[in-house]
Structure formats: C-alpha cells, structure tokens
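One file, coords-v8.cif, carrying mmCIF, C-alpha atoms, pLDDT in the B column; chains and numbers go by the auth columns:
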data_final
#
loop_
_atom_site.group_PDB
_atom_site.id
_atom_site.type_symbol
_atom_site.label_atom_id
_atom_site.label_comp_id
_atom_site.label_asym_id
_atom_site.label_seq_id
_atom_site.Cartn_x
_atom_site.Cartn_y
_atom_site.Cartn_z
_atom_site.B_iso_or_equiv
_atom_site.auth_seq_id
_atom_site.auth_asym_id
ATOM 1 C CA GLN A 1 43.312 154.898 91.369 71.00 270 D
ATOM 2 C CA THR A 2 41.767 153.365 88.256 79.00 271 D
ATOM 3 C CA PHE A 3 38.267 153.713 89.670 83.00 272 D
ATOM 4 C CA LEU A 4 38.944 157.313 90.716 80.00 273 D
ATOM 5 C CA PHE A 5 40.115 158.130 87.203 83.00 274 D
ATOM 6 C CA LEU A 6 37.093 156.487 85.580 84.00 275 D
ATOM 7 C CA SER A 7 34.746 158.205 88.041 85.00 276 D
ATOM 8 C CA ALA A 8 36.278 161.575 87.222 85.00 277 D
ATOM 9 C CA ALA A 9 35.888 160.830 83.507 82.00 278 D
ATOM 10 C CA MET A 10 32.227 159.951 83.970 83.00 279 D
ATOM 11 C CA LEU A 11 31.574 163.129 85.978 84.00 280 D
ATOM 12 C CA VAL A 12 33.248 165.204 83.268 83.00 281 D
ATOM 13 C CA TYR A 13 31.101 163.427 80.675 77.00 282 D
ATOM 14 C CA ILE A 14 27.910 164.195 82.608 77.00 283 D
ATOM 15 C CA PHE A 15 28.577 167.748 83.788 78.00 284 D
ATOM 16 C CA VAL A 16 31.292 169.255 81.543 75.00 285 D
ATOM 17 C CA LEU A 17 31.584 167.743 78.080 74.00 286 D
ATOM 18 C CA PRO A 18 29.252 166.794 76.526 73.00 287 D
ATOM 19 C CA ALA A 19 27.250 167.648 79.674 69.00 288 D
ATOM 20 C CA THR A 20 24.457 165.173 79.011 73.00 289 D
ATOM 21 C CA PHE A 21 22.487 166.409 82.026 76.00 290 D
ATOM 22 C CA LEU A 22 21.694 169.597 80.043 74.00 291 D
ATOM 23 C CA ILE A 23 19.858 167.699 77.308 72.00 292 D
ATOM 24 C CA GLY A 24 16.232 168.764 77.494 67.00 293 D
ATOM 25 C CA TRP A 25 17.051 171.724 79.729 73.00 294 D
ATOM 26 C CA VAL A 26 19.095 173.885 77.346 73.00 295 D
ATOM 27 C CA ASP A 27 17.786 174.622 73.873 72.00 296 D
ATOM 28 C CA ASN A 28 19.808 173.175 71.004 77.00 297 D
ATOM 29 C CA HIS A 29 22.217 171.402 73.382 73.00 298 D
ATOM 30 C CA LEU A 30 21.383 168.054 71.816 71.00 299 D
ATOM 31 C CA GLU A 31 22.157 169.344 68.326 75.00 300 D
ATOM 32 C CA TYR A 32 25.383 170.918 69.605 76.00 301 D
ATOM 33 C CA ILE A 33 26.846 167.745 71.089 75.00 302 D
ATOM 34 C CA GLN A 34 25.651 165.609 68.171 70.00 303 D
ATOM 35 C CA GLU A 35 27.652 167.842 65.847 75.00 304 D
ATOM 36 C CA LEU A 36 30.606 167.951 68.239 74.00 305 D
ATOM 37 C CA PHE A 37 30.864 164.156 68.474 72.00 306 D
ATOM 38 C CA THR A 38 30.066 163.360 64.838 68.00 307 D
ATOM 39 C CA GLY A 39 32.028 160.306 63.774 60.00 308 D
ATOM 40 C CA LEU A 40 32.854 159.319 67.347 62.00 309 D
ATOM 41 C CA ILE A 41 29.637 158.622 69.237 63.00 310 D
ATOM 42 C CA PRO A 42 26.446 157.887 67.263 61.00 311 D
ATOM 43 C CA HIS A 43 23.788 160.594 67.195 60.00 312 D
ATOM 44 C CA PHE A 44 21.160 158.127 68.361 60.00 313 D
ATOM 45 C CA TYR A 45 23.069 157.688 71.616 63.00 314 D
ATOM 46 C CA PHE A 46 22.554 161.296 72.683 65.00 315 D
ATOM 47 C CA ALA A 47 19.077 161.447 71.166 60.00 316 D
ATOM 48 C CA ALA A 48 18.087 158.655 73.528 58.00 317 D
ATOM 49 C CA HIS A 49 18.750 160.980 76.472 62.00 318 D
ATOM 50 C CA ALA A 50 16.326 163.531 75.043 62.00 319 D
ATOM 51 C CA ALA A 51 13.618 160.933 74.401 60.00 320 D
ATOM 52 C CA PHE A 52 13.062 160.367 78.100 64.00 321 D
ATOM 53 C CA GLU A 53 12.921 163.652 80.013 64.00 322 D
ATOM 54 C CA ASN A 54 13.081 162.042 83.455 73.00 323 D
ATOM 55 C CA MET A 55 16.233 160.100 82.668 77.00 324 D
ATOM 56 C CA ARG A 56 18.434 162.645 84.440 79.00 325 D
ATOM 57 C CA PHE A 57 16.680 161.833 87.723 83.00 326 D
ATOM 58 C CA THR A 58 16.470 158.063 87.285 83.00 327 D
ATOM 59 C CA HIS A 59 19.877 157.520 85.715 84.00 328 D
ATOM 60 C CA THR A 60 22.153 160.514 85.049 83.00 329 D
ATOM 61 C CA PHE A 61 22.241 162.115 88.509 89.00 330 D
ATOM 62 C CA PRO A 62 22.151 158.794 90.418 92.00 331 D
ATOM 63 C CA VAL A 63 25.106 157.541 88.346 92.00 332 D
ATOM 64 C CA ALA A 64 27.032 160.733 89.122 91.00 333 D
ATOM 65 C CA LEU A 65 26.326 160.296 92.834 94.00 334 D
ATOM 66 C CA TRP A 66 27.346 156.624 92.594 94.00 335 D
ATOM 67 C CA CYS A 67 30.719 157.678 91.192 93.00 336 D
ATOM 68 C CA VAL A 68 31.260 160.280 93.926 94.00 337 D
ATOM 69 C CA LEU A 69 30.224 158.022 96.815 93.00 338 D
ATOM 70 C CA GLY A 70 32.185 155.075 95.434 92.00 339 D
ATOM 71 C CA SER A 71 35.340 157.185 95.234 92.00 340 D
ATOM 72 C CA ILE A 72 34.876 158.497 98.767 92.00 341 D
ATOM 73 C CA GLN A 73 34.299 154.960 100.054 92.00 342 D
ATOM 74 C CA LEU A 74 37.560 153.743 98.541 90.00 343 D
ATOM 75 C CA TYR A 75 39.402 156.668 100.128 89.00 344 D
ATOM 76 C CA LEU A 76 37.855 156.023 103.535 89.00 345 D
ATOM 77 C CA GLN A 77 38.818 152.368 103.294 85.00 346 D
ATOM 78 C CA TRP A 78 42.370 153.331 102.383 84.00 347 D
ATOM 79 C CA VAL A 79 42.794 155.681 105.369 84.00 348 D
ATOM 80 C CA GLY A 80 41.053 153.245 107.728 81.00 349 D
ATOM 81 C CA GLU A 81 38.066 155.456 108.579 86.00 350 D
ATOM 82 C CA ARG A 82 35.739 152.543 109.287 85.00 351 D
ATOM 83 C CA ALA A 83 32.917 154.342 111.094 86.00 352 D
ATOM 84 C CA LEU A 84 32.291 156.876 108.321 91.00 353 D
ATOM 85 C CA HIS A 85 32.866 154.174 105.704 90.00 354 D
ATOM 86 C CA LYS A 86 30.086 152.138 107.297 90.00 355 D
ATOM 87 C CA TRP A 87 27.526 154.939 107.371 92.00 356 D
ATOM 88 C CA LEU A 88 28.378 156.305 103.940 93.00 357 D
ATOM 89 C CA GLY A 89 28.215 152.773 102.598 93.00 358 D
ATOM 90 C CA ARG A 90 24.503 152.740 103.337 94.00 359 D
ATOM 91 C CA ALA A 91 23.997 155.865 101.226 96.00 360 D
ATOM 92 C CA PHE A 92 26.077 154.285 98.451 95.00 361 D
ATOM 93 C CA ALA A 93 23.963 151.116 98.513 96.00 362 D
ATOM 94 C CA ALA A 94 20.722 153.134 98.433 96.00 363 D
ATOM 95 C CA ASP A 95 21.921 155.148 95.446 96.00 364 D
ATOM 96 C CA ALA A 96 23.081 151.974 93.674 96.00 365 D
ATOM 97 C CA ILE A 97 19.553 150.594 94.047 96.00 366 D
ATOM 98 C CA VAL A 98 18.180 153.735 92.370 95.00 367 D
ATOM 99 C CA VAL A 99 20.634 153.235 89.480 94.00 368 D
ATOM 100 C CA TRP A 100 19.657 149.563 89.281 95.00 369 D
ATOM 101 C CA LEU A 101 15.932 150.360 89.142 94.00 370 D
ATOM 102 C CA GLY A 102 16.519 153.118 86.604 89.00 371 D
ATOM 103 C CA ILE A 103 18.246 150.706 84.242 89.00 372 D
ATOM 104 C CA TRP A 104 15.365 148.233 84.569 90.00 373 D
ATOM 105 C CA HIS A 105 13.018 151.049 83.577 85.00 374 D
ATOM 106 C CA MET A 106 15.161 151.795 80.528 82.00 375 D
ATOM 107 C CA ILE A 107 15.106 148.114 79.563 83.00 376 D
ATOM 108 C CA ALA A 108 11.345 147.849 80.026 82.00 377 D
ATOM 109 C CA LYS A 109 10.750 150.885 77.803 77.00 378 D
ATOM 110 C CA ASP A 110 13.228 149.759 75.098 73.00 379 D
ATOM 111 C CA PHE A 111 14.883 153.088 75.685 69.00 380 D
ATOM 112 C CA GLY A 112 17.555 153.842 73.117 63.00 381 D
ATOM 113 C CA PHE A 113 19.474 151.932 70.466 60.00 382 D
ATOM 114 C CA PHE A 114 21.690 150.089 72.956 62.00 383 D
ATOM 115 C CA VAL A 115 18.750 148.608 74.862 61.00 384 D
ATOM 116 C CA GLN A 116 16.932 147.671 71.675 62.00 385 D
ATOM 117 C CA ASN A 117 19.925 145.881 70.160 68.00 386 D
ATOM 118 C CA TRP A 118 21.669 144.535 73.252 76.00 387 D
ATOM 119 C CA LYS A 119 18.772 143.889 75.614 80.00 388 D
ATOM 120 C CA GLY A 120 20.144 140.511 76.713 83.00 389 D
ATOM 121 C CA LEU A 121 23.506 142.056 77.549 84.00 390 D
ATOM 122 C CA MET A 122 21.817 144.894 79.433 85.00 391 D
ATOM 123 C CA ILE A 123 19.729 142.445 81.452 89.00 392 D
ATOM 124 C CA LEU A 124 22.753 140.309 82.357 91.00 393 D
ATOM 125 C CA GLY A 125 24.795 143.385 83.241 91.00 394 D
ATOM 126 C CA ASN A 126 22.095 144.827 85.472 93.00 395 D
ATOM 127 C CA LEU A 127 21.484 141.478 87.167 95.00 396 D
ATOM 128 C CA TRP A 128 25.200 141.269 87.949 96.00 397 D
ATOM 129 C CA PHE A 129 25.209 144.900 89.123 96.00 398 D
ATOM 130 C CA GLY A 130 22.444 144.185 91.638 96.00 399 D
ATOM 131 C CA PHE A 131 23.718 140.746 92.664 97.00 400 D
ATOM 132 C CA THR A 132 27.249 141.932 93.425 97.00 401 D
ATOM 133 C CA LEU A 133 25.854 144.799 95.493 97.00 402 D
ATOM 134 C CA CYS A 134 23.665 142.454 97.549 97.00 403 D
ATOM 135 C CA VAL A 135 26.475 139.955 98.161 97.00 404 D
ATOM 136 C CA SER A 136 28.877 142.732 99.138 96.00 405 D
ATOM 137 C CA VAL A 137 26.390 144.201 101.622 96.00 406 D
ATOM 138 C CA LEU A 138 25.692 140.745 103.044 96.00 407 D
ATOM 139 C CA TYR A 139 29.382 140.122 103.717 95.00 408 D
ATOM 140 C CA ALA A 140 29.725 143.587 105.239 93.00 409 D
ATOM 141 C CA ARG A 141 26.956 142.791 107.710 92.00 410 D
ATOM 142 C CA LYS A 142 28.733 139.527 108.567 92.00 411 D
ATOM 143 C CA ARG A 143 31.966 141.509 109.070 91.00 412 D
ATOM 144 C CA ALA A 144 33.695 139.399 106.433 93.00 413 D
ATOM 145 C CA ILE A 145 35.720 142.378 105.271 90.00 414 D
ATOM 146 C CA ALA A 146 37.893 140.618 102.692 90.00 415 D
ATOM 147 C CA LEU A 147 34.892 139.100 100.916 94.00 416 D
ATOM 148 C CA HIS A 148 32.968 142.361 101.188 94.00 417 D
ATOM 149 C CA GLU A 149 35.837 144.166 99.488 93.00 418 D
ATOM 150 C CA GLU A 150 36.150 141.543 96.764 94.00 419 D
ATOM 151 C CA TRP A 151 32.478 141.621 95.825 96.00 420 D
ATOM 152 C CA MET A 152 32.365 145.402 95.971 95.00 421 D
ATOM 153 C CA TRP A 153 35.153 145.486 93.398 95.00 422 D
ATOM 154 C CA ARG A 154 32.967 143.322 91.160 96.00 423 D
ATOM 155 C CA HIS A 155 30.092 145.760 91.634 96.00 424 D
ATOM 156 C CA LEU A 156 32.270 148.772 90.819 95.00 425 D
ATOM 157 C CA ALA A 157 33.726 147.062 87.752 94.00 426 D
ATOM 158 C CA ILE A 158 30.414 146.346 86.046 94.00 427 D
ATOM 159 C CA GLY A 159 29.214 149.836 86.966 93.00 428 D
ATOM 160 C CA MET A 160 32.203 151.352 85.180 92.00 429 D
ATOM 161 C CA ALA A 161 31.747 149.305 81.989 90.00 430 D
ATOM 162 C CA PRO A 162 29.930 152.178 80.172 86.00 431 D
ATOM 163 C CA THR A 163 32.817 154.546 80.921 86.00 432 D
ATOM 164 C CA ILE A 164 35.336 152.000 79.659 89.00 433 D
ATOM 165 C CA GLN A 165 33.261 151.631 76.497 83.00 434 D
ATOM 166 C CA ARG A 166 33.658 155.353 75.850 80.00 435 D
ATOM 167 C CA PHE A 167 37.426 155.060 76.135 82.00 436 D
ATOM 168 C CA ILE A 168 37.393 152.112 73.720 82.00 437 D
ATOM 169 C CA LEU A 169 35.396 154.266 71.298 76.00 438 D
ATOM 170 C CA LEU A 170 38.062 156.959 71.526 74.00 439 D
ATOM 171 C CA LEU A 171 40.776 154.363 70.933 75.00 440 D
ATOM 172 C CA PHE A 172 39.085 152.853 67.904 71.00 441 D
ATOM 173 C CA VAL A 173 38.533 156.225 66.287 67.00 442 D
ATOM 174 C CA GLY A 174 41.929 157.575 67.351 61.00 443 D
ATOM 175 C CA VAL A 175 43.924 154.795 65.691 61.00 444 D
ATOM 176 C CA GLY A 176 41.778 154.912 62.561 60.00 445 D
ATOM 177 C CA LEU A 177 40.210 151.464 62.857 64.00 446 D
ATOM 178 C CA ARG A 178 36.772 152.810 62.081 63.00 447 D
ATOM 179 C CA ASN A 179 37.838 154.234 58.720 66.00 448 D
ATOM 180 C CA TRP A 180 40.123 151.287 57.972 70.00 449 D
ATOM 181 C CA PHE A 181 37.348 148.726 58.295 68.00 450 D
ATOM 182 C CA GLY A 182 34.667 151.040 56.954 69.00 451 D
ATOM 183 C CA TRP A 183 32.516 150.677 60.059 70.00 452 D
ATOM 184 C CA SER A 184 29.513 152.893 60.638 68.00 453 D
ATOM 185 C CA GLU A 185 28.859 154.623 63.955 67.00 454 D
ATOM 186 C CA LYS A 186 26.365 151.915 64.876 71.00 455 D
ATOM 187 C CA ASP A 187 28.847 149.183 63.963 73.00 456 D
ATOM 188 C CA ILE A 188 31.599 150.484 66.199 74.00 457 D
ATOM 189 C CA PHE A 189 29.195 151.238 69.039 74.00 458 D
ATOM 190 C CA SER A 190 27.757 147.726 68.813 75.00 459 D
ATOM 191 C CA LEU A 191 31.235 146.200 68.760 79.00 460 D
ATOM 192 C CA THR A 192 32.578 148.083 71.790 81.00 461 D
ATOM 193 C CA ALA A 193 29.504 147.364 73.936 82.00 462 D
ATOM 194 C CA PRO A 194 30.093 143.619 74.521 85.00 463 D
ATOM 195 C CA VAL A 195 33.857 144.177 74.717 87.00 464 D
ATOM 196 C CA ALA A 196 33.372 146.587 77.614 88.00 465 D
ATOM 197 C CA PHE A 197 30.511 144.852 79.424 89.00 466 D
ATOM 198 C CA LEU A 198 32.048 141.378 79.207 90.00 467 D
ATOM 199 C CA GLY A 199 35.721 142.264 79.189 91.00 468 D
ATOM 200 C CA THR A 200 35.675 144.504 82.259 92.00 469 D
ATOM 201 C CA PRO A 201 34.392 141.836 84.706 93.00 470 D
ATOM 202 C CA LEU A 202 36.750 139.241 83.207 94.00 471 D
ATOM 203 C CA CYS A 203 39.765 141.525 83.589 93.00 472 D
ATOM 204 C CA LEU A 204 38.758 142.225 87.172 93.00 473 D
ATOM 205 C CA GLU A 205 38.597 138.495 87.949 94.00 474 D
ATOM 206 C CA VAL A 206 42.121 138.079 86.616 94.00 475 D
ATOM 207 C CA TRP A 207 43.296 140.983 88.778 92.00 476 D
ATOM 208 C CA LEU A 208 41.588 139.551 91.869 92.00 477 D
ATOM 209 C CA ARG A 209 43.189 136.127 91.326 92.00 478 D
ATOM 210 C CA LEU A 210 46.637 137.663 90.926 91.00 479 D
ATOM 211 C CA ARG A 211 46.171 139.900 93.961 88.00 480 D
ATOM 212 C CA ASN A 212 44.944 137.052 96.158 87.00 481 D
ATOM 213 C CA ALA A 213 47.780 134.802 95.002 86.00 482 D
ATOM 214 C CA ASN A 214 50.286 137.521 95.804 85.00 483 D
ATOM 215 C CA ARG A 215 48.820 138.007 99.276 79.00 484 D
ATOM 216 C CA THR A 216 48.906 134.260 99.929 81.00 485 D
ATOM 217 C CA ALA A 217 52.533 134.070 98.839 80.00 486 D
ATOM 218 C CA LYS A 218 53.468 136.908 101.171 76.00 487 D
ATOM 219 C CA ARG A 219 51.762 135.236 104.124 75.00 488 D
ATOM 220 C CA ARG A 220 53.627 131.988 103.447 75.00 489 D
ATOM 221 C CA THR A 221 56.967 133.760 103.502 76.00 490 D
ATOM 222 C CA LEU A 222 56.363 135.137 106.987 67.00 491 D
ATOM 223 C CA LYS A 223 58.462 133.280 109.567 55.00 492 D
ATOM 224 C CA VAL A 224 57.122 132.540 113.030 47.00 493 D
ATOM 225 C CA PRO A 225 59.539 133.785 115.744 52.00 494 D
ATOM 226 C CA GLU A 226 61.449 130.944 117.450 48.00 495 D
ATOM 227 C CA THR A 227 60.365 132.068 120.909 50.00 496 D
ATOM 228 C CA LEU A 228 56.725 131.573 119.975 46.00 497 D
ATOM 229 C CA LEU A 229 57.405 128.032 118.806 42.00 498 D
ATOM 230 C CA LYS A 230 58.691 127.169 122.295 45.00 499 D
ATOM 231 C CA CYS A 231 55.495 128.164 124.007 47.00 500 D
ATOM 232 C CA SER A 232 53.488 125.339 125.547 38.00 501 D
ATOM 233 C CA ASN A 233 50.646 127.406 126.896 41.00 502 D
ATOM 234 C CA ARG A 234 47.766 128.685 124.751 39.00 503 D
ATOM 235 C CA GLN A 235 48.299 132.206 123.513 40.00 504 D
ATOM 236 C CA GLN A 236 46.066 134.889 122.122 39.00 505 D
ATOM 237 C CA LEU A 237 47.858 137.065 119.623 39.00 506 D
ATOM 238 C CA GLY A 238 46.678 140.552 118.705 40.00 507 D
ATOM 239 C CA ARG A 239 48.020 142.591 115.844 38.00 508 D
ATOM 240 C CA SER A 240 50.879 144.038 117.825 38.00 509 D
ATOM 241 C CA VAL A 241 50.744 142.549 121.345 38.00 510 D
ATOM 242 C CA VAL A 242 51.405 139.053 122.607 40.00 511 D
ATOM 243 C CA ARG A 243 48.898 138.816 125.402 40.00 512 D
ATOM 244 C CA ASN A 244 50.425 135.812 127.242 42.00 513 D
ATOM 245 C CA GLN A 245 54.094 135.470 127.987 43.00 514 D
ATOM 246 C CA CYS A 246 55.990 132.455 126.797 43.00 515 D
ATOM 247 C CA LYS A 247 57.843 130.297 129.251 43.00 516 D
ATOM 248 C CA ASP A 248 61.227 128.979 128.397 44.00 517 D
ATOM 249 C CA SER A 249 61.085 125.347 127.516 41.00 518 D
#

Show this structure as structure tokens.
Amino acid sequence: QTFLFLSAAMLVYIFVLPATFLIGWVDNHLEYIQELFTGLIPHFYFAAHAAFENMRFTHTFPVALWCVLGSIQLYLQWVGERALHKWLGRAFAADAIVVWLGIWHMIAKDFGFFVQNWKGLMILGNLWFGFTLCVSVLYARKRAIALHEEWMWRHLAIGMAPTIQRFILLLFVGVGLRNWFGWSEKDIFSLTAPVAFLGTPLCLEVWLRLRNANRTAKRRTLKVPETLLKCSNRQQLGRSVVRNQCKDS
C-alpha cells in the first residue's frame, strides 16, 4: 500500500501538478510552476528539466512507467497471478534498465543542481538501483521466490527515494522549519536529499528484519499433528494433501 501511494504521488507530480512532462512543450509552463512552488522546491530543480529537452524520454516517462508496472506487479503477486506476473516482470525490468541508463546520462552530463552537488550520492543510489534489480531477477530465474521478493523490495525502495524526498520537503516547509532555521531553498533541498536516499533503504532493512522475524516466530509456533509424528514411513507433504497414509504405530 505504501508503494502504491508513493507511485500515485509520483504520477500526479509528473502528469498533474506540477506536470513536469510539459516543461519544454508548453510555453511558460516552467515559469508557472516555478512561481507556484516558490519557497517549497528550488527554481533550479525545475529549470534542470528544461535544460535537457530529451529528459522526458530518458527519465520522466520511463519513471512513470516504472511506477505503473511496479504497482501492477505487486497487485499480481498479491492475487497470486504468477503467469502474468512473470511476463510483466520482464517489461518492468526492461523499463528499469532504461531508467538506470537515463540516470547515468544525467550524472555524466552534470545535469542539474542535485547531480552537481551530490554526484557521489547519485552514483551510489544508481548503483544500488541496478544491483538490486539484477539480484532480484537472478533469484526469480532460480525460482527463489522469497529472495526475489526481498531484493525487489530493495529495488523499489531506492527507486521511491525521490518521491519520499518531496514529502520531506513538504513536511519541513509545513512545520516552519525552513523559516525557523533561516534555510535557503538550496539548503533544505540539500538536507533532504541524503535523508531520503540513505534513510529509505535503511528503513526498509529494518522492516524486512522485523517481517522475517515475525514470519519465523509464526512458523515456530505451528504444532505438528500427533498422527504425523507416529509415521515410520517416508512421506511427501503438499500444501494441503498428505500423499502417503500413516500407519498406526
């Protein structure tokens, strides 16, 4: 549910408000959203979108598709639609590679304030984005579903770090911290960047540890039926059927 919410927020950001995909296509749209978000998101952030006219095809649209496919994949996993999940997963992985390559292009071109001032963080984040995708796909091919799921969560978490940063920006401005400390737009943007890109993966690791511990505890509390303990012959147990009958001891 958290990922679905963040995906919806990112799609609204791209296509509704401030509709960054329109920058460079609609006259004066850049000036409009810079004025609209004055004091919240630095002007240079939106100006960076206009500086590279092909960004919508190498980053904006692929990110939107990544959000949509990722949400559908989680739903298919939840309802147990494995066949469609498998085939759509290939499209998701292909789109994630496009996003990954697009970010490398942004880094190589020193595109925007964030890349220029946090290049090391961008490189580490993109390396982790690509690595988690590769490991997740590898485990999927080995049919190690639990590990595939775990590493895919890591991939989704780092991919959603920019969206979480936007919510942190709203929080900082909403509670008045920016005015209280006298921070500039660049100061608050620079502060929230490492918080989001480092904090999101760390929070996910905590959640994974707690979830795995809870699952382990539940398995330990399961009691084996007494009749099965009396069996002397080898049995093969399915999910709901005991294939061999037990003989009374």

Can you spell out as an mmCIF file with C-alpha atoms, keeping the file's coordinate frame the set of residues that the PyMOL selection byres ((chain D and resi 330-341) around 10) selects in the structure I just provided?
data_model
loop_
_atom_site.group_PDB
_atom_site.id
_atom_site.type_symbol
_atom_site.label_atom_id
_atom_site.label_comp_id
_atom_site.auth_asym_id
_atom_site.auth_seq_id
_atom_site.Cartn_x
_atom_site.Cartn_y
_atom_site.Cartn_z
ATOM 1 C CA GLN D 270 43.312 154.898 91.369
ATOM 2 C CA PHE D 272 38.267 153.713 89.670
ATOM 3 C CA LEU D 273 38.944 157.313 90.716
ATOM 4 C CA PHE D 274 40.115 158.130 87.203
ATOM 5 C CA LEU D 275 37.093 156.487 85.580
ATOM 6 C CA SER D 276 34.746 158.205 88.041
ATOM 7 C CA ALA D 277 36.278 161.575 87.222
ATOM 8 C CA ALA D 278 35.888 160.830 83.507
ATOM 9 C CA MET D 279 32.227 159.951 83.970
ATOM 10 C CA LEU D 280 31.574 163.129 85.978
ATOM 11 C CA VAL D 281 33.248 165.204 83.268
ATOM 12 C CA TYR D 282 31.101 163.427 80.675
ATOM 13 C CA ILE D 283 27.910 164.195 82.608
ATOM 14 C CA PHE D 284 28.577 167.748 83.788
ATOM 15 C CA PHE D 290 22.487 166.409 82.026
ATOM 16 C CA MET D 324 16.233 160.100 82.668
ATOM 17 C CA ARG D 325 18.434 162.645 84.440
ATOM 18 C CA PHE D 326 16.680 161.833 87.723
ATOM 19 C CA THR D 327 16.470 158.063 87.285
ATOM 20 C CA HIS D 328 19.877 157.520 85.715
ATOM 21 C CA THR D 329 22.153 160.514 85.049
ATOM 22 C CA GLN D 342 34.299 154.960 100.054
ATOM 23 C CA LEU D 343 37.560 153.743 98.541
ATOM 24 C CA TYR D 344 39.402 156.668 100.128
ATOM 25 C CA LEU D 345 37.855 156.023 103.535
ATOM 26 C CA GLN D 346 38.818 152.368 103.294
ATOM 27 C CA TRP D 347 42.370 153.331 102.383
ATOM 28 C CA HIS D 354 32.866 154.174 105.704
ATOM 29 C CA LEU D 357 28.378 156.305 103.940
ATOM 30 C CA GLY D 358 28.215 152.773 102.598
ATOM 31 C CA ALA D 360 23.997 155.865 101.226
ATOM 32 C CA PHE D 361 26.077 154.285 98.451
ATOM 33 C CA ALA D 362 23.963 151.116 98.513
ATOM 34 C CA ALA D 363 20.722 153.134 98.433
ATOM 35 C CA ASP D 364 21.921 155.148 95.446
ATOM 36 C CA ALA D 365 23.081 151.974 93.674
ATOM 37 C CA ILE D 366 19.553 150.594 94.047
ATOM 38 C CA VAL D 367 18.180 153.735 92.370
ATOM 39 C CA VAL D 368 20.634 153.235 89.480
ATOM 40 C CA TRP D 369 19.657 149.563 89.281
ATOM 41 C CA GLY D 371 16.519 153.118 86.604
ATOM 42 C CA MET D 421 32.365 145.402 95.971
ATOM 43 C CA LEU D 425 32.270 148.772 90.819
ATOM 44 C CA GLY D 428 29.214 149.836 86.966
ATOM 45 C CA MET D 429 32.203 151.352 85.180
#

Straight-line distance linking CA of Ala430 in chain D with CA of Phe466 in chain D, stated in Å to one decimal |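 Calculated distance between CA of Ala430 in chain D and CA of Phe466 in chain D is 5.3 Å.
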
List the residues selected by the PyMOL selection byres ((chain D and resi 397) around 12) in the file shown, writing them as a PyMOL selection string.
-> chain D and resi 369+390-396+398-405+420-421+423-428+430+466-467+470

Quote the spacing between CA of Lys388 in chain D and CA of Leu471 in chain D in Å to one decimal place.
->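 Those two atoms sit 20.1 Å apart.
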
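Taking CA of Lys455 in chain D and CA of Gly468 in chain D as the two end points, the separation is 19.6 Å.
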
Report the closest atom pair, with its distance in Å rounded to one decimal, for each residue of range 341-433 of chain D that has an atom no farther than 12 Å from range 480-492 of chain D; count only C-alpha atoms, sort by chain and then rising residue number, and write it as a tab-separated table.
residue	atom	partner	partner_atom	distance
D:Ala415	CA	D:Asn481	CA	10.3
D:Leu416	CA	D:Asn481	CA	11.3
D:Glu419	CA	D:Asn481	CA	9.9
